[in-house]
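The file start_22.txt comes next; it holds compact mmCIF, C-alpha atoms.
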# COMPACT_ATOMS: atom_id res chain seq x y z
CA MET M 1 155.32 64.84 89.13
CA ALA M 2 154.30 62.60 92.03
CA LYS M 3 155.17 58.93 91.78
CA GLN M 4 152.38 56.48 90.98
CA GLN M 5 151.78 54.38 94.08
CA LEU M 6 150.37 50.85 94.09
CA TRP M 7 149.48 48.62 97.06
CA LEU M 8 149.74 44.82 96.69
CA ARG M 9 147.37 43.28 99.21
CA CYS M 10 147.50 39.80 100.66
CA GLU M 11 145.12 37.07 99.50
CA LYS M 12 142.58 35.84 102.04
CA LYS M 13 141.27 32.87 100.07
CA GLN M 14 142.48 29.61 101.60
CA PHE M 15 145.33 27.93 99.66
CA GLU M 16 145.68 30.93 97.31
CA ARG M 17 149.42 31.38 96.82
CA ARG M 18 149.42 33.35 93.56
CA THR M 19 149.92 37.08 93.25
CA ALA M 20 149.10 39.78 90.72
CA ILE M 21 152.54 41.38 91.02
CA THR M 22 155.65 39.23 91.24
CA PRO M 23 159.02 40.60 92.34
CA THR M 24 160.06 40.57 88.67
CA THR M 25 157.15 42.81 87.69
CA ALA M 26 157.50 44.97 90.81
CA LYS M 27 161.13 45.71 89.86
CA LYS M 28 160.04 46.87 86.40
CA LEU M 29 157.35 49.11 87.90
CA ILE M 30 159.82 50.62 90.35
CA ASP M 31 162.28 51.22 87.51
CA ALA M 32 159.45 53.06 85.71
CA GLY M 33 158.94 55.37 88.71
CA PHE M 34 156.32 53.56 90.79
CA ASP M 35 156.25 53.22 94.57
CA ILE M 36 155.12 49.69 95.45
CA PHE M 37 153.75 48.76 98.88
CA VAL M 38 153.56 45.02 99.58
CA GLU M 39 151.62 43.48 102.45
CA ARG M 40 153.50 40.80 104.33
CA ASP M 41 151.99 37.44 103.43
CA SER M 42 153.35 34.04 104.45
CA GLN M 43 150.86 32.32 102.11
CA ARG M 44 152.19 34.01 98.96
CA ILE M 45 154.55 31.85 96.85
CA PHE M 46 157.10 34.69 96.77
CA LYS M 47 158.81 35.58 100.04
CA ASP M 48 158.44 39.06 101.54
CA GLU M 49 162.22 39.42 101.35
CA GLU M 50 162.14 39.00 97.57
CA TYR M 51 160.03 42.15 97.31
CA GLU M 52 162.04 44.06 99.89
CA ALA M 53 165.29 43.26 98.08
CA ILE M 54 164.17 45.03 94.88
CA GLY M 55 162.88 48.16 96.63
CA CYS M 56 159.27 47.48 97.60
CA LYS M 57 158.03 48.88 100.91
CA LEU M 58 156.72 46.11 103.16
CA VAL M 59 153.57 46.87 105.17
CA GLU M 60 151.53 44.87 107.67
CA HIS M 61 149.42 41.90 106.60
CA ASN M 62 145.88 42.82 105.48
CA SER M 63 146.39 46.51 106.31
CA TRP M 64 145.01 47.89 103.03
CA PRO M 65 141.77 49.21 104.61
CA ASN M 66 143.96 51.79 106.38
CA ALA M 67 145.97 52.73 103.28
CA PRO M 68 145.66 56.29 101.94
CA ARG M 69 142.57 56.37 99.74
CA ASP M 70 144.42 57.66 96.71
CA ILE M 71 146.57 54.51 96.46
CA PRO M 72 145.05 51.79 94.20
CA ILE M 73 144.84 48.37 95.87
CA ILE M 74 145.71 45.38 93.69
CA GLY M 75 144.99 41.73 94.47
CA LEU M 76 143.80 38.64 92.68
CA LYS M 77 140.78 36.98 94.19
CA GLU M 78 137.64 38.65 95.49
CA LEU M 79 137.62 40.23 98.93
CA PRO M 80 136.00 38.33 101.82
CA GLU M 81 132.26 38.93 102.12
CA SER M 82 131.44 42.04 104.11
CA ASP M 83 129.11 45.03 104.22
CA GLU M 84 131.96 47.46 104.80
CA PRO M 85 132.00 50.34 102.26
CA LEU M 86 134.95 50.36 99.85
CA PRO M 87 136.44 53.84 99.34
CA HIS M 88 139.61 52.75 97.49
CA THR M 89 140.27 51.92 93.87
CA HIS M 90 140.54 48.12 93.63
CA ILE M 91 142.13 46.07 90.85
CA GLN M 92 141.11 42.40 91.20
CA PHE M 93 138.91 39.58 89.96
CA ALA M 94 135.57 40.45 91.57
CA HIS M 95 133.29 37.85 89.90
CA CYS M 96 130.25 40.13 90.01
CA TYR M 97 129.66 41.41 86.46
CA LYS M 98 127.74 38.37 85.18
CA LYS M 99 125.11 38.38 87.93
CA GLN M 100 126.85 35.67 89.95
CA ALA M 101 125.45 34.97 93.41
CA GLY M 102 125.70 38.10 95.58
CA TRP M 103 126.87 40.30 92.68
CA SER M 104 124.83 43.36 93.61
CA LYS M 105 125.92 43.25 97.26
CA VAL M 106 129.58 43.24 96.18
CA LEU M 107 129.10 46.26 93.94
CA SER M 108 126.98 48.10 96.50
CA ARG M 109 130.06 48.28 98.75
CA PHE M 110 131.72 50.47 96.12
CA HIS M 111 128.60 52.59 95.86
CA ARG M 112 128.52 53.21 99.59
CA GLY M 113 132.25 53.89 99.85
CA GLY M 114 132.73 55.84 96.64
CA GLY M 115 135.46 53.48 95.44
CA THR M 116 136.18 52.17 91.95
CA LEU M 117 136.61 48.61 90.67
CA TYR M 118 138.84 47.69 87.76
CA ASP M 119 137.99 44.03 87.23
CA LEU M 120 141.00 42.12 85.91
CA GLU M 121 138.70 39.87 83.89
CA PHE M 122 137.58 42.87 81.86
CA LEU M 123 140.88 44.62 81.12
CA THR M 124 140.96 44.03 77.37
CA ASP M 125 143.08 44.87 74.33
CA GLU M 126 141.88 46.51 71.10
CA GLN M 127 140.52 43.16 69.88
CA GLY M 128 138.52 42.61 73.07
CA ARG M 129 140.83 39.89 74.39
CA ARG M 130 141.86 39.96 78.04
CA VAL M 131 145.25 41.55 78.50
CA ALA M 132 146.15 39.04 81.21
CA ALA M 133 144.57 35.72 82.09
CA PHE M 134 145.39 32.56 83.98
CA GLY M 135 143.60 30.50 81.36
CA TYR M 136 146.47 28.28 80.24
CA HIS M 137 147.49 27.24 83.75
CA ALA M 138 143.83 26.86 84.79
CA GLY M 139 143.33 24.34 82.01
CA PHE M 140 146.64 22.60 82.66
CA ALA M 141 145.99 22.27 86.41
CA GLY M 142 142.33 21.39 85.88
CA ALA M 143 143.21 18.50 83.60
CA ALA M 144 145.75 17.31 86.17
CA ALA M 145 143.14 17.45 88.94
CA GLY M 146 140.75 15.54 86.70
CA ALA M 147 143.30 12.79 86.08
CA LEU M 148 144.06 12.55 89.81
CA ALA M 149 140.31 12.35 90.54
CA LEU M 150 139.95 9.53 87.99
CA ALA M 151 142.79 7.58 89.62
CA SER M 152 140.99 7.92 92.96
CA GLU M 153 137.62 6.96 91.46
CA ARG M 154 139.12 3.81 90.03
CA ARG M 155 140.34 2.89 93.51
CA GLY M 156 136.85 3.45 94.88
CA GLU M 157 137.99 6.56 96.76
CA ARG M 158 137.42 10.31 96.66
CA LEU M 159 140.35 12.54 95.77
CA GLY M 160 142.06 13.93 98.87
CA GLN M 161 143.52 17.37 99.50
CA LEU M 162 145.48 18.93 96.65
CA GLU M 163 148.76 20.72 97.34
CA PRO M 164 150.52 23.23 95.05
CA TYR M 165 153.38 21.86 92.95
CA GLU M 166 156.80 23.45 92.63
CA ASN M 167 156.58 23.39 88.83
CA GLU M 168 154.87 21.78 85.82
CA THR M 169 157.32 18.88 85.66
CA ALA M 170 156.57 17.88 89.26
CA MET M 171 152.84 18.01 88.52
CA VAL M 172 153.12 15.87 85.39
CA GLU M 173 155.25 13.23 87.11
CA SER M 174 152.87 13.08 90.08
CA VAL M 175 149.84 12.56 87.83
CA LYS M 176 151.57 9.87 85.78
CA LYS M 177 152.55 8.02 88.96
CA GLU M 178 148.95 8.08 90.26
CA LEU M 179 147.75 6.67 86.94
CA GLY M 180 150.21 3.80 87.16
CA GLY M 181 152.93 5.35 85.01
CA SER M 182 151.07 6.92 82.09
CA GLY M 183 147.75 8.27 80.87
CA LYS M 184 147.85 5.99 77.85
CA GLY M 185 144.47 4.35 77.34
CA LEU M 186 142.48 7.28 78.70
CA LYS M 187 139.93 9.00 76.51
CA VAL M 188 139.25 12.66 77.23
CA LEU M 189 137.17 15.51 75.83
CA VAL M 190 138.04 19.21 76.11
CA ILE M 191 135.37 21.76 75.15
CA GLY M 192 136.86 25.17 74.46
CA ALA M 193 140.02 23.49 73.18
CA LEU M 194 141.09 26.40 70.95
CA GLY M 195 141.29 28.92 73.80
CA ARG M 196 144.07 29.52 76.31
CA CYS M 197 142.40 27.38 78.95
CA GLY M 198 141.61 24.52 76.60
CA SER M 199 145.12 24.48 75.16
CA GLY M 200 146.48 24.10 78.70
CA ALA M 201 144.23 21.10 79.33
CA VAL M 202 145.23 19.48 76.04
CA ASP M 203 148.93 20.01 76.81
CA LEU M 204 148.62 18.33 80.22
CA PHE M 205 146.91 15.29 78.69
CA ARG M 206 149.65 15.05 76.07
CA LYS M 207 152.40 15.29 78.69
CA ILE M 208 150.94 12.49 80.81
CA GLY M 209 150.82 10.20 77.79
CA VAL M 210 147.23 10.30 76.51
CA GLU M 211 147.37 9.44 72.81
CA GLU M 212 146.49 12.25 70.40
CA ASP M 213 143.50 10.43 68.90
CA ASP M 214 142.09 9.97 72.40
CA ILE M 215 142.10 13.71 73.13
CA LEU M 216 138.86 15.04 71.63
CA LYS M 217 139.27 18.77 71.02
CA TRP M 218 135.97 20.59 70.66
CA ASP M 219 135.25 24.25 70.21
CA MET M 220 132.41 26.37 68.86
CA ALA M 221 132.03 24.41 65.62
CA GLU M 222 131.49 21.12 67.46
CA THR M 223 129.07 22.57 70.03
CA ALA M 224 127.05 24.64 67.52
CA LYS M 225 124.35 21.95 67.28
CA GLY M 226 123.54 22.45 70.95
CA GLY M 227 123.69 20.03 73.87
CA PRO M 228 123.29 17.79 75.72
CA PHE M 229 126.07 15.78 74.07
CA GLN M 230 126.23 11.98 74.09
CA GLU M 231 129.96 12.21 73.35
CA ILE M 232 130.62 13.47 76.88
CA LEU M 233 129.36 10.17 78.30
CA ASP M 234 131.77 8.24 76.07
CA VAL M 235 135.04 9.57 77.62
CA ASP M 236 136.75 9.06 80.98
CA ILE M 237 137.31 12.75 81.70
CA PHE M 238 135.43 15.77 80.36
CA VAL M 239 137.00 19.23 80.81
CA ASN M 240 134.85 22.33 80.30
CA CYS M 241 136.94 25.38 79.33
CA ILE M 242 134.40 27.63 77.63
CA TYR M 243 133.94 31.33 78.32
CA LEU M 244 130.23 31.67 79.06
CA SER M 245 128.74 34.97 77.91
CA SER M 246 125.10 34.07 77.19
CA GLN M 247 122.58 31.31 77.70
CA ILE M 248 123.32 28.05 75.87
CA PRO M 249 121.75 24.57 76.04
CA PRO M 250 123.35 22.41 78.77
CA PHE M 251 126.26 20.18 77.80
CA LEU M 252 125.34 17.47 80.29
CA THR M 253 122.28 16.81 82.48
CA LYS M 254 121.42 14.46 85.32
CA GLU M 255 118.56 13.06 83.25
CA GLN M 256 121.00 12.21 80.47
CA ILE M 257 123.30 10.43 82.93
CA ALA M 258 120.39 8.50 84.45
CA ALA M 259 119.11 7.43 81.03
CA ALA M 260 122.54 6.09 80.07
CA GLY M 261 122.64 3.87 83.14
CA LYS M 262 125.71 1.65 82.94
CA ASN M 263 126.21 2.48 79.27
CA ARG M 264 128.64 5.31 79.90
CA ARG M 265 132.35 5.70 80.36
CA LEU M 266 132.40 9.13 82.01
CA ARG M 267 133.80 9.21 85.56
CA VAL M 268 135.11 12.76 86.03
CA VAL M 269 133.89 16.22 84.99
CA VAL M 270 136.28 19.16 85.40
CA ASP M 271 134.50 22.50 85.20
CA VAL M 272 137.43 24.88 84.81
CA SER M 273 135.00 27.64 83.79
CA CYS M 274 133.27 27.35 87.19
CA ASP M 275 130.03 29.09 86.28
CA THR M 276 128.51 27.38 89.31
CA THR M 277 126.23 30.22 90.39
CA ASN M 278 125.63 31.56 86.89
CA PRO M 279 121.95 31.11 85.92
CA TYR M 280 123.17 29.85 82.53
CA ASN M 281 125.57 27.21 83.91
CA PRO M 282 125.89 24.62 81.09
CA LEU M 283 126.67 21.86 83.60
CA PRO M 284 123.59 21.68 85.85
CA VAL M 285 124.79 18.42 87.42
CA TYR M 286 126.28 20.11 90.50
CA ASN M 287 125.82 23.40 92.35
CA ILE M 288 128.82 24.05 94.61
CA ASN M 289 132.43 25.04 94.07
CA THR M 290 134.91 22.50 95.35
CA THR M 291 138.14 23.35 97.18
CA PHE M 292 141.72 22.18 97.46
CA SER M 293 140.82 20.44 100.73
CA GLU M 294 137.78 18.75 99.13
CA PRO M 295 138.50 18.79 95.39
CA THR M 296 135.51 16.80 94.16
CA VAL M 297 131.77 16.59 94.66
CA PRO M 298 129.76 13.54 93.51
CA VAL M 299 126.96 13.96 90.98
CA ASP M 300 123.71 12.95 92.69
CA VAL M 301 121.84 10.94 90.07
CA ASP M 302 118.34 9.53 90.60
CA TYR M 303 118.21 6.15 88.87
CA GLY M 304 114.75 5.42 90.26
CA THR M 305 114.16 1.69 90.60
CA SER M 306 116.34 0.74 87.63
CA PHE M 307 119.14 -0.64 89.82
CA ALA M 308 119.42 -2.42 93.14
CA PRO M 309 121.15 -0.34 95.88
CA GLY M 310 124.46 -2.20 95.50
CA ASP M 311 124.32 -2.42 91.71
CA LYS M 312 124.19 1.23 90.61
CA PRO M 313 126.41 2.58 87.81
CA PRO M 314 129.84 3.92 88.82
CA SER M 315 129.88 7.38 90.40
CA ILE M 316 130.82 10.60 88.63
CA SER M 317 132.94 13.23 90.38
CA VAL M 318 133.03 16.94 89.55
CA VAL M 319 136.09 19.15 90.09
CA SER M 320 134.96 22.79 90.29
CA ILE M 321 137.80 24.67 91.97
CA ASP M 322 137.72 28.35 91.00
CA HIS M 323 141.42 29.04 91.49
CA LEU M 324 143.06 26.03 89.88
CA PRO M 325 146.19 27.89 88.67
CA THR M 326 147.37 28.18 92.26
CA LEU M 327 148.38 24.51 91.93
CA LEU M 328 151.25 26.06 89.93
CA PRO M 329 151.52 29.36 91.79
CA ARG M 330 154.98 30.54 90.75
CA GLU M 331 154.72 29.87 87.01
CA ALA M 332 151.11 31.07 86.82
CA SER M 333 151.91 34.30 88.69
CA GLU M 334 154.96 35.10 86.57
CA GLN M 335 153.02 34.59 83.33
CA PHE M 336 150.01 36.61 84.45
CA SER M 337 152.02 39.43 86.00
CA ALA M 338 154.19 39.84 82.90
CA ALA M 339 151.08 40.07 80.72
CA LEU M 340 149.53 42.65 83.05
CA LEU M 341 152.65 44.85 83.19
CA PRO M 342 152.01 46.99 80.07
CA SER M 343 148.57 47.95 81.41
CA LEU M 344 149.95 48.69 84.88
CA LEU M 345 152.53 51.00 83.32
CA GLU M 346 149.57 53.02 81.97
CA LEU M 347 147.97 53.31 85.40
CA PRO M 348 149.22 56.90 85.96
CA ASN M 349 147.19 57.85 82.87
CA ARG M 350 144.14 55.78 83.73
CA LYS M 351 141.72 58.63 83.04
CA THR M 352 142.79 58.64 79.38
CA ALA M 353 144.43 55.24 78.70
CA ARG M 354 141.94 53.09 76.73
CA VAL M 355 142.33 49.87 78.75
CA TRP M 356 141.52 51.64 82.04
CA VAL M 357 138.86 53.98 80.63
CA GLU M 358 136.89 51.06 79.17
CA ALA M 359 137.21 49.07 82.41
CA GLU M 360 135.92 52.02 84.44
CA ASN M 361 133.03 52.62 82.03
CA LEU M 362 132.00 48.98 82.43
CA PHE M 363 132.23 49.32 86.20
CA ARG M 364 129.95 52.39 86.12
CA GLN M 365 127.43 50.46 84.02
CA LYS M 366 127.42 47.44 86.33
CA LEU M 367 127.35 49.68 89.41
CA ALA M 368 124.17 51.36 88.15
CA GLU M 369 122.56 47.94 87.67
CA ALA M 370 123.55 46.93 91.20
CA VAL M 371 122.21 50.17 92.72
CA LYS M 372 118.89 49.49 91.01
CA GLU M 373 118.88 45.84 92.14
CA GLU M 374 119.60 46.79 95.75
CA GLY M 375 117.15 49.69 95.73
CA LEU M 376 119.81 52.16 96.87
Taking this structure as input, can you express it in the form of structure tokens?
Amino acid sequence: MAKQQLWLRCEKKQFERRTAITPTTAKKLIDAGFDIFVERDSQRIFKDEEYEAIGCKLVEHNSWPNAPRDIPIIGLKELPESDEPLPHTHIQFAHCYKKQAGWSKVLSRFHRGGGTLYDLEFLTDEQGRRVAAFGYHAGFAGAAAGALALASERRGERLGQLEPYENETAMVESVKKELGGSGKGLKVLVIGALGRCGSGAVDLFRKIGVEEDDILKWDMAETAKGGPFQEILDVDIFVNCIYLSSQIPPFLTKEQIAAAGKNRRLRVVVDVSCDTTNPYNPLPVYNINTTFSEPTVPVDVDYGTSFAPGDKPPSISVVSIDHLPTLLPREASEQFSAALLPSLLELPNRKTARVWVEAENLFRQKLAEAVKEEGL
């Protein structure tokens, strides 16, 4: 029987240092009979030599378009925008199944090339939960970015470029230092607090010293009444960690902020969910994703003639980085890759293994919608 081959591509998104397959996971796949090709990538948190040492075959950077078409290509973030047809099987986060901006153009590339997409977001277990997710580290890093943004806001500055941390301890100590030694005295609200992402955000706030009673933990029960929510205006930092699957009333609006005037505490919004281009975005107070080089965007609020130009309420910053876990690239990659391993081990049987069959069926459904949308 021929060995199952798998091609780990480089990541082209700026600052993205995570990977779907770590050397630890690659070794386990090789031991199970896989052949693993790894593109050279100086941006990846793991060195090329780490892969080579455990038996992976190193190939040139970004050379996957020339790979044999029967080798599945695995990566994390979406491919750069292009009209080039995609003939390979791709395993990645594609961000195109919920009608995000440009969704049909992304899928049309697979239609024209005859390739297949297995979207990592939609590889699920028997209970419908994702088999592998970066949720915990997204929430943890998002809360850290929010605290750093608040420290900058209080100094009358905008948060500067964010750099990945070596580990969680280094991140926590850095945040505490920026806050003057501790997060004690802060009041924060996490919506989606019972999920993986929300639990990460709550843990970060605990580790920087925010008192338990000052960490408001909301989930579906607390949001059932429908927004907008006054409680968001009464905290220093609001972190959104929900998984958006259908239209819901907005959590926060510009009109609500304007009406509150100076009677609000809120200074920073962290949208870990990053449904920026989703038509149902529950945070219609901003419309662009931020980046590690420019981590925040100010909320543009029209106060009319209520305040003199130099007497307006304090600004509000939004953090909306869509790859927050790369602030902790090594730990996040190891956790994600280990969770993905059992599904990858079933890849040779992907035409019958439930996790892959269901992912391909969903792809075929979404592809048909895209073909119709594009008039192909």
From the set M:Gly181, M:Gly227, M:Pro164, M:Pro87, which residue has the shortest atom-to-atom contact distance to Arg330 in chain M, counting all atoms listed in the file?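 Selected residue with least distance to Arg330 in chain M: M:Pro164.
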Spatial neighbours of Arg112 in chain M, max dist 8 Å, all atoms listed in the file, sep filter under 4 positions, as a list in words: Pro85, Leu86, Pro87 and Ser108 of chain M
May I ask which of the residues M:Thr89, M:Ser42, M:Thr19, M:Ser82 is the closest one to Arg350 in chain M, counting all atoms listed in the file?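 Among the listed residues, M:Thr89 lies closest to Arg350 in chain M.
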Interatomic distance (Å, one decimal) between CA of Val319 in chain M and CA of Phe140 in chain M: 13.4 Å
Of the candidates M:Lys176, M:Pro65, M:Ile316, M:Phe307, which shows the shortest atom-to-atom distance to Gly156 in chain M, using all atoms listed in the file? M:Ile316
May I have the residues within 7 Å of Arg109 in chain M as number ranges by chain, using all atoms listed in the file and disregarding those fewer than 2 positions away in the same chain? M: 83-86, 105-107, 111-113
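Distance annotation: of M:Leu123, M:Ala101, M:Ile74, M:Ile91, the residue with the minimal separation from Ala353 in chain M is M:Leu123; atom set is only C-alpha atoms.
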Proximity to Gly185 in chain M - best of M:Ile208, M:Gly135, M:Cys274, M:Ala170, all atoms listed in the file: M:Ile208
Final all heavy atoms of range 68-78 of chain M as a PDB file, keeping the file's coordinate frame:
ATOM      1  N   PRO M  68     146.199  55.043 102.489  1.00  0.00           N
ATOM      2  CA  PRO M  68     145.660  56.290 101.940  1.00  0.00           C
ATOM      3  C   PRO M  68     144.717  56.000 100.781  1.00  0.00           C
ATOM      4  O   PRO M  68     144.986  55.120  99.955  1.00  0.00           O
ATOM      5  CB  PRO M  68     146.926  57.028 101.477  1.00  0.00           C
ATOM      6  CG  PRO M  68     148.013  56.502 102.357  1.00  0.00           C
ATOM      7  CD  PRO M  68     147.674  55.051 102.584  1.00  0.00           C
ATOM      8  N   ARG M  69     143.618  56.723 100.709  1.00  0.00           N
ATOM      9  CA  ARG M  69     142.570  56.370  99.740  1.00  0.00           C
ATOM     10  C   ARG M  69     142.956  56.639  98.295  1.00  0.00           C
ATOM     11  O   ARG M  69     142.281  56.164  97.380  1.00  0.00           O
ATOM     12  CB  ARG M  69     141.279  57.105 100.102  1.00  0.00           C
ATOM     13  CG  ARG M  69     140.697  56.604 101.414  1.00  0.00           C
ATOM     14  CD  ARG M  69     139.340  57.177 101.717  1.00  0.00           C
ATOM     15  NE  ARG M  69     138.823  56.638 102.980  1.00  0.00           N
ATOM     16  CZ  ARG M  69     137.616  56.898 103.450  1.00  0.00           C
ATOM     17  NH1 ARG M  69     136.799  57.708 102.791  1.00  0.00           N
ATOM     18  NH2 ARG M  69     137.226  56.360 104.599  1.00  0.00           N
ATOM     19  N   ASP M  70     144.028  57.388  98.086  1.00  0.00           N
ATOM     20  CA  ASP M  70     144.420  57.660  96.710  1.00  0.00           C
ATOM     21  C   ASP M  70     145.380  56.604  96.149  1.00  0.00           C
ATOM     22  O   ASP M  70     145.819  56.708  95.006  1.00  0.00           O
ATOM     23  CB  ASP M  70     145.062  59.050  96.595  1.00  0.00           C
ATOM     24  CG  ASP M  70     146.325  59.179  97.460  1.00  0.00           C
ATOM     25  OD1 ASP M  70     146.511  58.341  98.373  1.00  0.00           O
ATOM     26  OD2 ASP M  70     147.106  60.118  97.220  1.00  0.00           O
ATOM     27  N   ILE M  71     145.693  55.581  96.943  1.00  0.00           N
ATOM     28  CA  ILE M  71     146.570  54.510  96.460  1.00  0.00           C
ATOM     29  C   ILE M  71     145.709  53.331  95.978  1.00  0.00           C
ATOM     30  O   ILE M  71     144.951  52.751  96.758  1.00  0.00           O
ATOM     31  CB  ILE M  71     147.528  54.009  97.564  1.00  0.00           C
ATOM     32  CG1 ILE M  71     148.381  55.147  98.114  1.00  0.00           C
ATOM     33  CG2 ILE M  71     148.417  52.893  97.014  1.00  0.00           C
ATOM     34  CD1 ILE M  71     149.369  54.722  99.186  1.00  0.00           C
ATOM     35  N   PRO M  72     145.796  52.959  94.687  1.00  0.00           N
ATOM     36  CA  PRO M  72     145.050  51.790  94.200  1.00  0.00           C
ATOM     37  C   PRO M  72     145.519  50.514  94.897  1.00  0.00           C
ATOM     38  O   PRO M  72     146.711  50.337  95.160  1.00  0.00           O
ATOM     39  CB  PRO M  72     145.383  51.759  92.706  1.00  0.00           C
ATOM     40  CG  PRO M  72     145.833  53.142  92.373  1.00  0.00           C
ATOM     41  CD  PRO M  72     146.522  53.641  93.602  1.00  0.00           C
ATOM     42  N   ILE M  73     144.563  49.645  95.200  1.00  0.00           N
ATOM     43  CA  ILE M  73     144.840  48.370  95.870  1.00  0.00           C
ATOM     44  C   ILE M  73     144.708  47.256  94.837  1.00  0.00           C
ATOM     45  O   ILE M  73     143.654  47.104  94.210  1.00  0.00           O
ATOM     46  CB  ILE M  73     143.832  48.116  97.014  1.00  0.00           C
ATOM     47  CG1 ILE M  73     143.670  49.345  97.918  1.00  0.00           C
ATOM     48  CG2 ILE M  73     144.233  46.875  97.799  1.00  0.00           C
ATOM     49  CD1 ILE M  73     144.912  49.754  98.661  1.00  0.00           C
ATOM     50  N   ILE M  74     145.766  46.467  94.665  1.00  0.00           N
ATOM     51  CA  ILE M  74     145.710  45.380  93.690  1.00  0.00           C
ATOM     52  C   ILE M  74     145.808  44.028  94.394  1.00  0.00           C
ATOM     53  O   ILE M  74     146.583  43.840  95.332  1.00  0.00           O
ATOM     54  CB  ILE M  74     146.805  45.517  92.608  1.00  0.00           C
ATOM     55  CG1 ILE M  74     146.614  44.461  91.515  1.00  0.00           C
ATOM     56  CG2 ILE M  74     148.206  45.467  93.206  1.00  0.00           C
ATOM     57  CD1 ILE M  74     147.455  44.701  90.264  1.00  0.00           C
ATOM     58  N   GLY M  75     144.976  43.102  93.965  1.00  0.00           N
ATOM     59  CA  GLY M  75     144.990  41.730  94.470  1.00  0.00           C
ATOM     60  C   GLY M  75     144.501  40.823  93.361  1.00  0.00           C
ATOM     61  O   GLY M  75     144.273  41.273  92.234  1.00  0.00           O
ATOM     62  N   LEU M  76     144.322  39.562  93.684  1.00  0.00           N
ATOM     63  CA  LEU M  76     143.800  38.640  92.680  1.00  0.00           C
ATOM     64  C   LEU M  76     142.344  38.282  92.941  1.00  0.00           C
ATOM     65  O   LEU M  76     141.455  38.730  92.242  1.00  0.00           O
ATOM     66  CB  LEU M  76     144.640  37.354  92.631  1.00  0.00           C
ATOM     67  CG  LEU M  76     145.900  37.373  91.789  1.00  0.00           C
ATOM     68  CD1 LEU M  76     146.550  35.997  91.790  1.00  0.00           C
ATOM     69  CD2 LEU M  76     145.599  37.806  90.363  1.00  0.00           C
ATOM     70  N   LYS M  77     142.131  37.485  93.956  1.00  0.00           N
ATOM     71  CA  LYS M  77     140.780  36.980  94.190  1.00  0.00           C
ATOM     72  C   LYS M  77     139.921  38.009  94.902  1.00  0.00           C
ATOM     73  O   LYS M  77     140.397  38.993  95.450  1.00  0.00           O
ATOM     74  CB  LYS M  77     140.838  35.679  95.008  1.00  0.00           C
ATOM     75  CG  LYS M  77     141.627  34.564  94.332  1.00  0.00           C
ATOM     76  CD  LYS M  77     141.097  34.231  92.944  1.00  0.00           C
ATOM     77  CE  LYS M  77     139.738  33.528  92.983  1.00  0.00           C
ATOM     78  NZ  LYS M  77     139.283  33.119  91.636  1.00  0.00           N
ATOM     79  N   GLU M  78     138.618  37.732  94.884  1.00  0.00           N
ATOM     80  CA  GLU M  78     137.640  38.650  95.490  1.00  0.00           C
ATOM     81  C   GLU M  78     137.913  38.829  96.976  1.00  0.00           C
ATOM     82  O   GLU M  78     138.496  37.960  97.626  1.00  0.00           O
ATOM     83  CB  GLU M  78     136.222  38.127  95.274  1.00  0.00           C
ATOM     84  CG  GLU M  78     135.901  36.815  95.962  1.00  0.00           C
ATOM     85  CD  GLU M  78     136.281  35.574  95.181  1.00  0.00           C
ATOM     86  OE1 GLU M  78     137.049  35.681  94.193  1.00  0.00           O
ATOM     87  OE2 GLU M  78     135.816  34.475  95.554  1.00  0.00           O
TER      88      GLU M  78
END
